[in-house]
Structure formats: C-alpha cells, structure tokens
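One structure is given here, and the rest of the page talks about it.
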Amino acid sequence: FKRSESESCSGSNPACQNYAGLTCTTATCRCSSTQYWVANKCLIASLKNVYEKFGIKMFYLPFFSPKTGSVSKQPHATKKFKKVENYVGINQYCDGTTYRCKSGLTCQGSAAGNYICQCGAGTYWTGTSCASVRTYGQTCDGLKCWAYTNGYSCYADFGDGKRCLCETVTQWWTGSTCVAKYFNFVSCSSSCQCREDLGLACRSYSGFYSCNTYFADTRCTCVNSAFWTGSTCVTRYSHYVTCTDSCQCQMNLGLRCETQNNNCYSYAGRRCVCQSDQYWDGSLCRNKKNGGDGCSSDCQFK
C-alpha cells in the first residue's frame, strides 16, 4: 500500500501516494512546499483564503531541505468538516441547523417538514423585511389598511392616507380587538357598536304605542319612525301600504293594519288604513264628519 501524508517512506516516489501529490522527502511522505494536505490530497497553498472559508485550519510543520541543508516550516492544513448552512427567506423551509432563517425571521411550524421562516410575534412582512405591526388608528399602507369611508359614529374623517381600522361597517374596536357590531335589541354603550348601516343606534327605551318592548338599559334599536324587519330598519308604512301588523304602520298618524273596514276602500288582505270611524285626509287620519259639515267626499261622513 502506498503511504499517506506524514507516513514514513523509503525514498522512492511509488512508496507515497503520488497520485495525491505526495513525494518522499526526508523519509516522510509530504506535499511540496507550495501545497497543503487537505482531504486526502495536496492543494495549492495560494488558495489559503478559500480553504479557511470552508473550515480548513492551516498550520506549519518542520521541513528539511536537502538542497540547502536547512529546516523550514512547510505549510500544512487539515479540514474541520461541518454541515453547510443555508440562510433562507420568508415562507421558505427551515430546520434551524442546515436551513437557517435570515435575520429578523424565525423558524416556525408544528411538525417536522412543515417549518417555514416567518416574522415573529408582533411583526409583519413588508415585502423586504419584518416590521412592527401597527395598532388601531395608526397610519399604514397595504391591504389591511382603510382609506376614509363613512365610519358612522365610530370615527371622523382622518384626512389623507390610510389607517389601521376595523372593517368600518360591520366591526368595532373594543380597545384590544375588532368584533362584530351588534344587531337589534342587543345591549350597547355606544352607537358605534350597532349596525348603523342597517338603521340601528344605541338608544334608551322610547315607547311607540305597544310596539316597543321595554328595556332598562341602552340597546341597539331602530328609531320610533321605523321598525325592525328581522334584517334591517324600515320606515313605518304610510297609508294604504300592504302590512301584516299595525306596528309596521305609521300609528302616530292614526293608521292601523286592517282588513277592508268600510266602503271607502277596496282591497284584499291587510293594509295600513284609517279605522272605520275615520278617513284619510292625505296626511293623517281624521274623525269622520257629521251631517251638515263641509266635505269633499262621501267617505268623510259617518
């Protein structure tokens, strides 16, 4: 077997691993004075910086020159093998050892093989780096930001630019998070908490004949001139509109949801009309007149 580096030899090249660049020098297999022994071969000494980059440690051994009869230090090297480290970016696979996340990113996941580089808690990816998330009302840009729209009572026009806001129509800010706005008859402390786009506002109890259920606190309700259909507030119906309940009619004008109650009307089903002893004067229900009073229609008489 041919001898490896630093092993003794008999003085003839075949005794050393000449295919690796070794020669028998002073009874020892060595690289030339301009080479290093690295990973089982002699490499050029001028590549010192390259070797060190990949973990090659260099040192010097005594070397006797038969030509000059002097001893010098010959460059010698050995390699410390280590895992290659790759630094990966946002949303790329990571394992914390071979595949490490770039600065600012952390390796996150729930199972082996499912880990990816993400921004840490309280930060978001800007497109180039991680930045601290903005809180409610702060200026911002991007898809999660809102330009000014009708925020109803939740906020006023904030001018140019965009702000971090809850979805302006369907959500409100609790002080720590966005939650869904309330529907009809839910307790509230501010109209901003109610679905104002549906006509609701945070109100104290206000009676409207027998239509409004009493409550002691404040709740999301329609104004008295409107009623809740089950999905939105609708203005109470005017004269002769089809109805199912008198609370749908403008009862303050004397209208009730009635079947046909006198010969002044002709309809099927139920409509918002005056009661049988009243007539519609174009704006409200009035009591029918006695004989001898001025009139413009027979329907105005009792």
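Naming scheme: A, B, ... for chains in displayed order of the structure tokens; residues 1 onward per chain; ligands 1 onward as shown.
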
List the spatial neighbours of Asn261 of chain A as a CSV table (one decimal) with all heavy atoms, in the first residue's frame - criterion: any atom at most 9 Å away, only C-alpha atoms, same-chain residues fewer than 4 positions off excluded.
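Full text of around_39.csv as output:
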```csv
chain,number,residue,atom,x,y,z
A,265,TYR,N,-112.8,51.9,1.0
A,265,TYR,CA,-111.6,51.2,0.5
A,265,TYR,C,-112.0,50.0,-0.3
A,265,TYR,O,-113.2,49.4,-0.1
A,265,TYR,CB,-110.7,50.7,1.6
A,265,TYR,CG,-110.1,51.8,2.5
A,265,TYR,CD1,-110.6,52.0,3.8
A,265,TYR,CD2,-109.1,52.6,2.0
A,265,TYR,CE1,-110.0,53.0,4.6
A,265,TYR,CE2,-108.6,53.6,2.8
A,265,TYR,CZ,-109.0,53.8,4.1
A,265,TYR,OH,-108.5,54.8,4.8
A,273,VAL,N,-104.4,51.5,7.0
A,273,VAL,CA,-105.6,52.4,6.7
A,273,VAL,C,-106.1,53.0,8.0
A,273,VAL,O,-105.7,52.6,9.1
A,273,VAL,CB,-106.7,51.6,6.0
A,273,VAL,CG1,-106.2,51.1,4.6
A,273,VAL,CG2,-107.2,50.5,6.8
A,274,CYS,N,-106.9,54.0,7.8
A,274,CYS,CA,-107.6,54.6,9.0
A,274,CYS,C,-108.6,53.6,9.5
A,274,CYS,O,-109.1,52.7,8.8
A,274,CYS,CB,-108.3,55.9,8.6
A,274,CYS,SG,-107.2,57.1,8.0
A,275,GLN,N,-109.0,53.7,10.8
A,275,GLN,CA,-110.0,52.9,11.3
A,275,GLN,C,-111.4,53.3,10.8
A,275,GLN,O,-111.6,54.3,10.1
A,275,GLN,CB,-110.0,53.0,12.9
A,275,GLN,CG,-108.7,52.5,13.4
A,275,GLN,CD,-108.6,52.6,14.9
A,275,GLN,OE1,-109.2,51.8,15.6
A,275,GLN,NE2,-107.8,53.6,15.4
A,276,SER,N,-112.4,52.4,11.0
A,276,SER,CA,-113.7,52.6,10.3
A,276,SER,C,-114.4,53.9,10.6
A,276,SER,O,-115.2,54.3,9.7
A,276,SER,CB,-114.6,51.4,10.7
A,276,SER,OG,-114.8,51.4,12.1
```

What lies within 9 Å of Tyr205 of chain A using only C-alpha atoms, ignoring chain neighbours under 4 positions off, as an MDAnalysis selection string? chainID A and resid 212:219 221

Could you save the residues just selected, with N, CA and C atoms, as an mmCIF file, in the first residue's frame?
```cif
data_model
loop_
_atom_site.group_PDB
_atom_site.id
_atom_site.type_symbol
_atom_site.label_atom_id
_atom_site.label_comp_id
_atom_site.auth_asym_id
_atom_site.auth_seq_id
_atom_site.Cartn_x
_atom_site.Cartn_y
_atom_site.Cartn_z
ATOM 1 N N ASN A 212 -92.913 48.717 21.058
ATOM 2 C CA ASN A 212 -91.550 48.567 21.562
ATOM 3 C C ASN A 212 -91.537 47.847 22.904
ATOM 4 N N THR A 213 -90.729 46.771 22.984
ATOM 5 C CA THR A 213 -90.571 46.041 24.238
ATOM 6 C C THR A 213 -89.727 46.873 25.194
ATOM 7 N N TYR A 214 -90.169 46.970 26.428
ATOM 8 C CA TYR A 214 -89.456 47.799 27.408
ATOM 9 C C TYR A 214 -88.086 47.199 27.746
ATOM 10 N N PHE A 215 -87.099 48.076 27.959
ATOM 11 C CA PHE A 215 -85.783 47.680 28.469
ATOM 12 C C PHE A 215 -85.240 48.827 29.309
ATOM 13 N N ALA A 216 -84.467 48.467 30.337
ATOM 14 C CA ALA A 216 -83.987 49.471 31.291
ATOM 15 C C ALA A 216 -82.631 50.051 30.916
ATOM 16 N N ASP A 217 -81.845 49.319 30.119
ATOM 17 C CA ASP A 217 -80.506 49.800 29.753
ATOM 18 C C ASP A 217 -80.572 50.498 28.401
ATOM 19 N N THR A 218 -79.477 50.559 27.681
ATOM 20 C CA THR A 218 -79.473 51.090 26.317
ATOM 21 C C THR A 218 -79.219 49.935 25.353
ATOM 22 N N ARG A 219 -79.928 49.981 24.210
ATOM 23 C CA ARG A 219 -79.844 48.864 23.271
ATOM 24 C C ARG A 219 -79.818 49.370 21.835
ATOM 25 N N THR A 221 -81.392 49.742 18.643
ATOM 26 C CA THR A 221 -82.778 49.690 18.167
ATOM 27 C C THR A 221 -82.965 50.663 17.011
#
```

To test your reading of the structure, identify every residue in segment 174-271 of chain A that backbone DSSP assigns to helix (DSSP H, G or I), and report it as an NGL selection string. :A and (191-193 or 196-198 or 246-248 or 251-253)

Those same residues, written as a PDB file, in the first residue's frame with C-alpha atoms?
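The resulting file, out-v7.pdb, is reproduced below:
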```pdb
ATOM      1  CA  SER A 191     -73.954  53.633  18.585  1.00  0.00           C
ATOM      2  CA  CYS A 192     -70.559  52.679  17.120  1.00  0.00           C
ATOM      3  CA  GLN A 193     -71.244  49.185  18.489  1.00  0.00           C
ATOM      4  CA  GLU A 196     -75.724  51.745  11.949  1.00  0.00           C
ATOM      5  CA  ASP A 197     -75.778  50.857   8.252  1.00  0.00           C
ATOM      6  CA  LEU A 198     -78.994  48.926   8.993  1.00  0.00           C
ATOM      7  CA  SER A 246    -100.115  47.542  12.926  1.00  0.00           C
ATOM      8  CA  CYS A 247     -96.600  48.223  14.267  1.00  0.00           C
ATOM      9  CA  GLN A 248     -95.485  48.375  10.651  1.00  0.00           C
ATOM     10  CA  MET A 251     -99.631  54.598  14.034  1.00  0.00           C
ATOM     11  CA  ASN A 252     -98.820  58.150  15.083  1.00  0.00           C
ATOM     12  CA  LEU A 253    -100.856  59.235  12.027  1.00  0.00           C
TER      13      LEU A 253
END
```

Mind pulling up the distance from atom CA of Arg163 of chain A to atom CA of Cys220 of chain A? 26.8 Å

If you count only C-alpha atoms, which residues fall within 10 Å of Tyr115 of chain A, apart from same-chain ones fewer than 3 positions away, as a list in words? Asn91, Gln92, Tyr93, Cys94, Asp95, Gly96, Thr106, Cys107, Gln108, Gly109, Ser110, Ala111, Ala112 and Gln118 of chain A

Which residues are near segment 14-20 of chain A? Cut-off 10 Å, only C-alpha atoms, ignore same chain within fewer than 2 positions. Put them as a ChimeraX atom specification. /A:1-12,22-25,28-31,37,39-43

What would the file look like if the residues just selected were written as a CSV table (one decimal), in the first residue's frame with C-alpha atoms?
```csv
chain,number,residue,atom,x,y,z
A,1,PHE,CA,0.0,0.0,0.0
A,2,LYS,CA,1.2,3.5,-0.8
A,3,ARG,CA,1.9,5.7,2.2
A,4,SER,CA,-0.3,8.7,3.1
A,5,GLU,CA,0.8,12.1,4.3
A,6,SER,CA,3.3,12.2,7.2
A,7,GLU,CA,3.9,8.4,7.0
A,8,SER,CA,7.5,7.2,6.6
A,9,CYS,CA,8.8,6.2,3.2
A,10,SER,CA,11.8,4.5,1.7
A,11,GLY,CA,12.9,7.3,-0.6
A,12,SER,CA,11.2,6.3,-3.9
A,22,LEU,CA,2.9,13.3,-2.2
A,23,THR,CA,6.6,12.8,-2.6
A,24,CYS,CA,9.0,11.1,-0.2
A,25,THR,CA,11.0,13.8,1.4
A,28,THR,CA,8.4,11.1,5.1
A,29,CYS,CA,5.5,11.5,2.5
A,30,ARG,CA,4.8,15.2,2.1
A,31,CYS,CA,3.3,17.7,-0.2
A,37,TRP,CA,-2.6,18.4,2.5
A,39,ALA,CA,-9.0,16.0,2.3
A,40,ASN,CA,-6.5,13.3,1.2
A,41,LYS,CA,-4.8,15.4,-1.5
A,42,CYS,CA,-2.2,18.2,-1.9
A,43,LEU,CA,-3.7,21.5,-2.8
```

Residues near Arg270 of chain A, cut-off 7 Å, only C-alpha atoms, skip fewer than 5 positions along chain, as a PyMOL selection string: chain A and resi 242-244+257-259

Pick out the residues sitting within 9 Å of Trp172 of chain A, and hand them over as a PDB file with C-alpha atoms, in the first residue's frame; count only C-alpha atoms, and ignore anything fewer than 3 positions along from it in its own chain.
```pdb
ATOM      1  CA  CYS A 154     -67.003  55.203  15.099  1.00  0.00           C
ATOM      2  CA  LEU A 165     -59.107  50.268  11.448  1.00  0.00           C
ATOM      3  CA  CYS A 166     -61.703  47.592  11.955  1.00  0.00           C
ATOM      4  CA  GLU A 167     -63.930  46.865   8.975  1.00  0.00           C
ATOM      5  CA  THR A 168     -65.823  50.141   9.139  1.00  0.00           C
ATOM      6  CA  VAL A 169     -69.380  48.880   8.585  1.00  0.00           C
ATOM      7  CA  THR A 177     -59.526  43.731  19.082  1.00  0.00           C
ATOM      8  CA  CYS A 178     -62.129  44.084  16.328  1.00  0.00           C
ATOM      9  CA  VAL A 179     -65.501  42.422  16.992  1.00  0.00           C
ATOM     10  CA  ALA A 180     -68.763  42.206  15.063  1.00  0.00           C
ATOM     11  CA  LYS A 181     -71.210  45.076  15.544  1.00  0.00           C
ATOM     12  CA  CYS A 192     -70.559  52.679  17.120  1.00  0.00           C
ATOM     13  CA  GLN A 193     -71.244  49.185  18.489  1.00  0.00           C
ATOM     14  CA  CYS A 194     -74.505  48.875  16.494  1.00  0.00           C
TER      15      CYS A 194
END
```

With only C-alpha atoms as the atoms that count, which of A:His239, A:Arg203, A:Lys162, A:Arg100 lies nearest to Tyr136 of chain A? A:Lys162

Could you please write out, as a ChimeraX atom specification, every residue of segment 118-216 of chain A that DSSP assigns to strand (DSSP E or B)? /A:118-119,123-125,130-132,139-140,146,162-163,171-173,178-180,182,187,194,201-203

Just write the chosen residues, N, CA, C and O atoms, as a CSV table (one decimal), in the first residue's frame.
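Result file out.csv:
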```csv
chain,number,residue,atom,x,y,z
A,118,GLN,N,-40.8,32.8,9.2
A,118,GLN,CA,-41.9,33.7,9.4
A,118,GLN,C,-41.4,34.9,10.3
A,118,GLN,O,-40.4,34.8,11.0
A,119,CYS,N,-42.1,36.0,10.2
A,119,CYS,CA,-41.8,37.1,11.1
A,119,CYS,C,-42.3,36.7,12.5
A,119,CYS,O,-43.2,35.9,12.6
A,123,THR,N,-44.9,41.3,14.6
A,123,THR,CA,-44.3,41.9,13.4
A,123,THR,C,-45.0,41.4,12.2
A,123,THR,O,-45.7,40.4,12.2
A,124,TYR,N,-44.8,42.0,11.0
A,124,TYR,CA,-45.4,41.5,9.8
A,124,TYR,C,-44.4,41.8,8.6
A,124,TYR,O,-43.4,42.5,8.8
A,125,TRP,N,-44.5,41.1,7.5
A,125,TRP,CA,-43.6,41.2,6.4
A,125,TRP,C,-44.0,42.3,5.5
A,125,TRP,O,-45.1,42.4,5.0
A,130,CYS,N,-39.1,42.3,8.2
A,130,CYS,CA,-40.2,42.3,9.2
A,130,CYS,C,-40.2,43.7,9.9
A,130,CYS,O,-39.2,44.3,10.2
A,131,ALA,N,-41.4,44.2,10.2
A,131,ALA,CA,-41.6,45.4,10.8
A,131,ALA,C,-42.7,45.3,11.9
A,131,ALA,O,-43.6,44.4,11.8
A,132,SER,N,-42.6,46.1,12.9
A,132,SER,CA,-43.6,46.1,14.0
A,132,SER,C,-45.0,46.4,13.5
A,132,SER,O,-45.2,47.3,12.6
A,139,THR,N,-51.3,55.3,11.2
A,139,THR,CA,-51.2,55.4,9.7
A,139,THR,C,-50.6,54.1,9.2
A,139,THR,O,-49.7,53.5,9.9
A,140,CYS,N,-50.9,53.7,8.0
A,140,CYS,CA,-50.4,52.5,7.4
A,140,CYS,C,-50.5,52.5,5.9
A,140,CYS,O,-51.1,53.4,5.3
A,146,TRP,N,-57.3,51.0,5.8
A,146,TRP,CA,-58.5,51.6,5.2
A,146,TRP,C,-58.3,53.1,4.9
A,146,TRP,O,-57.9,53.9,5.7
A,162,LYS,N,-54.0,56.3,4.9
A,162,LYS,CA,-54.8,55.2,5.4
A,162,LYS,C,-54.5,54.9,6.9
A,162,LYS,O,-53.5,55.4,7.4
A,163,ARG,N,-55.4,54.3,7.5
A,163,ARG,CA,-55.3,53.9,8.9
A,163,ARG,C,-55.6,52.5,9.2
A,163,ARG,O,-56.3,51.9,8.5
A,171,GLN,N,-67.8,46.0,12.0
A,171,GLN,CA,-67.0,45.8,13.2
A,171,GLN,C,-66.7,47.0,14.0
A,171,GLN,O,-66.8,48.2,13.5
A,172,TRP,N,-66.4,46.9,15.3
A,172,TRP,CA,-66.0,48.0,16.1
A,172,TRP,C,-64.8,47.6,17.0
A,172,TRP,O,-64.6,46.4,17.2
A,173,TRP,N,-64.0,48.5,17.5
A,173,TRP,CA,-62.8,48.3,18.2
A,173,TRP,C,-63.1,48.3,19.7
A,173,TRP,O,-63.6,49.3,20.2
A,178,CYS,N,-60.9,43.8,17.1
A,178,CYS,CA,-62.1,44.1,16.3
A,178,CYS,C,-63.2,43.0,16.6
A,178,CYS,O,-62.9,41.8,16.5
A,179,VAL,N,-64.4,43.4,16.8
A,179,VAL,CA,-65.5,42.4,17.0
A,179,VAL,C,-66.7,42.9,16.1
A,179,VAL,O,-66.8,44.0,15.7
A,180,ALA,N,-67.6,41.9,15.9
A,180,ALA,CA,-68.8,42.2,15.1
A,180,ALA,C,-69.7,43.2,15.8
A,180,ALA,O,-69.9,43.1,17.0
A,182,TYR,N,-73.3,44.9,16.8
A,182,TYR,CA,-74.5,44.3,17.3
A,182,TYR,C,-75.7,44.5,16.4
A,182,TYR,O,-75.8,45.5,15.7
A,187,SER,N,-77.7,44.9,24.1
A,187,SER,CA,-77.3,45.9,24.9
A,187,SER,C,-76.0,46.6,24.4
A,187,SER,O,-75.1,45.9,23.8
A,194,CYS,N,-73.3,49.4,17.2
A,194,CYS,CA,-74.5,48.9,16.5
A,194,CYS,C,-74.3,48.9,15.0
A,194,CYS,O,-73.5,49.7,14.5
A,201,ALA,N,-79.2,52.2,16.2
A,201,ALA,CA,-78.3,53.1,17.1
A,201,ALA,C,-78.5,52.7,18.5
A,201,ALA,O,-79.5,52.0,18.9
A,202,CYS,N,-77.6,53.1,19.4
A,202,CYS,CA,-77.7,52.7,20.8
A,202,CYS,C,-78.6,53.8,21.5
A,202,CYS,O,-78.3,54.9,21.6
A,203,ARG,N,-79.8,53.3,21.9
A,203,ARG,CA,-80.8,54.2,22.4
A,203,ARG,C,-81.4,53.7,23.7
A,203,ARG,O,-81.4,52.5,24.0
```
